[in-house]
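Q: Have a look at the structure that comes next, please.
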Amino acid sequence: LNAIEDPANFTRSRSVGAWLGLTTRRYQSGEVDYDGHISRRGDTHVRSLLYEAAVVILTRSRGESDLRNWGIRLRENIGFKRSAIAVARKLSVIMNAMLRSGELFKRESITAITV
């Protein structure tokens with residue numbers, strides 16, 4: 001993630017997804033509360049690369065990983081494109097946590113690193 005110069009700029013790794021525009025835009029007014037499309041803020045190139053990586057994880061990857069299994073379960077509930085965005089967001093969170101800690105990617109434990 002070259003767009004993120006210093007991973008320590010984020011207090012939590014979960015903030016990276018929002019910074020890259022991979023979270024839904026919200027509209028709240030009175031009793032109205034809409035979750036819209038992704039906000040598309042941040043670096044367009046990095047966001048598109050993360051989306052492409054998520055699509056590859058969901059479609060072409062044959063290796064078992066918790067990230068892929070989570071994305072496939074999500075795809076059954078909310079559809080392919082939304083699950084690809086969710087996998088891309090989680091991938092950005094994982095990558096930022098890896099940059100901060102210096103650890104390598106572990107296929108079997110995605111939930112432990114995203115906190």
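All residue names refer to the structure tokens as shown: chains lettered A, B, ... in order, residues numbered from 1 in each chain, ligands numbered from 1 in order.
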Which residues of region 69-91 of chain A come within 10 Å of region 95-107 of chain A, and what is each one's closest atom pair and distance in Å (one decimal), counting only C-alpha atoms, sorted by chain and residue number, as a tab-separated table?
A:
```
residue	atom	partner	partner_atom	distance
A:Arg89	CA	A:Met95	CA	9.9
A:Lys90	CA	A:Met95	CA	8.5
A:Leu91	CA	A:Met95	CA	6.1
```
Q: Could you write out the selected residues, including N, CA, C and O atoms, as a short mmCIF file (atom, residue, chain, number, x, y, z; two decimals), in the first residue's frame?
A:
```
data_model
loop_
_atom_site.label_atom_id
_atom_site.label_comp_id
_atom_site.auth_asym_id
_atom_site.auth_seq_id
_atom_site.Cartn_x
_atom_site.Cartn_y
_atom_site.Cartn_z
N ARG A 89 -11.95 -4.47 1.33
CA ARG A 89 -11.79 -3.68 2.54
C ARG A 89 -11.03 -4.47 3.60
O ARG A 89 -10.09 -3.99 4.21
N LYS A 90 -11.41 -5.74 3.79
CA LYS A 90 -10.73 -6.55 4.79
C LYS A 90 -9.29 -6.80 4.39
O LYS A 90 -8.39 -6.84 5.24
N LEU A 91 -9.03 -6.92 3.10
CA LEU A 91 -7.66 -7.09 2.62
C LEU A 91 -6.82 -5.85 2.93
O LEU A 91 -5.66 -5.97 3.33
#
```
Q: Excluding Tyr51 (chain A) and any residue of its chain fewer than 4 positions from it, enumerate the residues within 7 Å of it, using only C-alpha atoms, and give them as an NGL selection string.
A: :A and (47 or 55 or 84-85 or 88)
Q: One decimal, Å: what's the distance from CA of Gly17 (chain A) over to CA of Val46 (chain A), could you say?
A: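 Spanning CA of Gly17 (chain A) to CA of Val46 (chain A) is a straight-line distance of 11.0 Å.
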Q: So which residues touch Thr59 (chain A) within 12 Å, counting only C-alpha atoms, skipping near sequence neighbours fewer than 5 positions away, as a ChimeraX atom specification?
A: /A:52-54,68-69,71-72,75,80-81,83-84
Q: Just the strand (DSSP E) stuff from region 11-79 of chain A, please, per backbone DSSP, written as JSON, numbers by chain.
A: {"A": [24, 25, 26, 27, 28, 29, 32, 33, 34, 35, 36, 37, 38]}
Q: How would the residues just chosen look if you wrote them out with N, CA, C and O atoms as a CSV table (one decimal), in the first residue's frame?
A:
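Printed below is again18.csv as written:
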```
chain,number,residue,atom,x,y,z
A,24,THR,N,-19.4,2.0,2.9
A,24,THR,CA,-20.6,2.6,2.3
A,24,THR,C,-20.8,4.0,2.8
A,24,THR,O,-20.5,4.4,3.9
A,25,ARG,N,-21.3,4.9,1.9
A,25,ARG,CA,-21.6,6.2,2.2
A,25,ARG,C,-22.9,6.3,3.0
A,25,ARG,O,-23.9,5.6,2.6
A,26,ARG,N,-23.0,7.0,4.0
A,26,ARG,CA,-24.3,7.1,4.8
A,26,ARG,C,-24.9,8.4,4.6
A,26,ARG,O,-24.3,9.5,4.5
A,27,TYR,N,-26.3,8.4,4.6
A,27,TYR,CA,-27.1,9.6,4.7
A,27,TYR,C,-28.1,9.5,5.8
A,27,TYR,O,-28.9,8.5,5.8
A,28,GLN,N,-28.0,10.4,6.8
A,28,GLN,CA,-28.8,10.4,7.9
A,28,GLN,C,-29.5,11.7,8.1
A,28,GLN,O,-28.8,12.7,8.1
A,29,SER,N,-30.8,11.7,8.2
A,29,SER,CA,-31.5,13.0,8.4
A,29,SER,C,-32.8,12.6,9.1
A,29,SER,O,-33.7,12.0,8.5
A,32,VAL,N,-34.6,9.2,8.6
A,32,VAL,CA,-34.0,8.6,7.4
A,32,VAL,C,-32.6,8.2,7.6
A,32,VAL,O,-31.8,8.9,8.2
A,33,ASP,N,-32.3,6.9,7.3
A,33,ASP,CA,-31.0,6.4,7.4
A,33,ASP,C,-30.7,5.5,6.3
A,33,ASP,O,-31.1,4.3,6.2
A,34,TYR,N,-29.9,5.9,5.3
A,34,TYR,CA,-29.6,5.2,4.1
A,34,TYR,C,-28.1,4.8,4.1
A,34,TYR,O,-27.2,5.6,4.4
A,35,ASP,N,-27.9,3.5,3.7
A,35,ASP,CA,-26.5,3.1,3.4
A,35,ASP,C,-26.5,3.0,1.9
A,35,ASP,O,-27.2,2.3,1.2
A,36,GLY,N,-25.6,3.9,1.3
A,36,GLY,CA,-25.5,3.9,-0.1
A,36,GLY,C,-24.4,3.1,-0.7
A,36,GLY,O,-23.9,2.1,-0.1
A,37,HIS,N,-23.9,3.6,-1.8
A,37,HIS,CA,-22.8,2.9,-2.5
A,37,HIS,C,-21.5,3.3,-1.8
A,37,HIS,O,-21.5,4.1,-0.9
A,38,ILE,N,-20.4,2.7,-2.2
A,38,ILE,CA,-19.1,3.0,-1.5
A,38,ILE,C,-18.8,4.5,-1.8
A,38,ILE,O,-19.2,5.0,-2.8
```
Q: Give me, please, the distance in Å between CA of Val93 (chain A) and CA of Arg14 (chain A), quoted to one decimal.
A: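 These atoms are spaced 5.5 Å apart.
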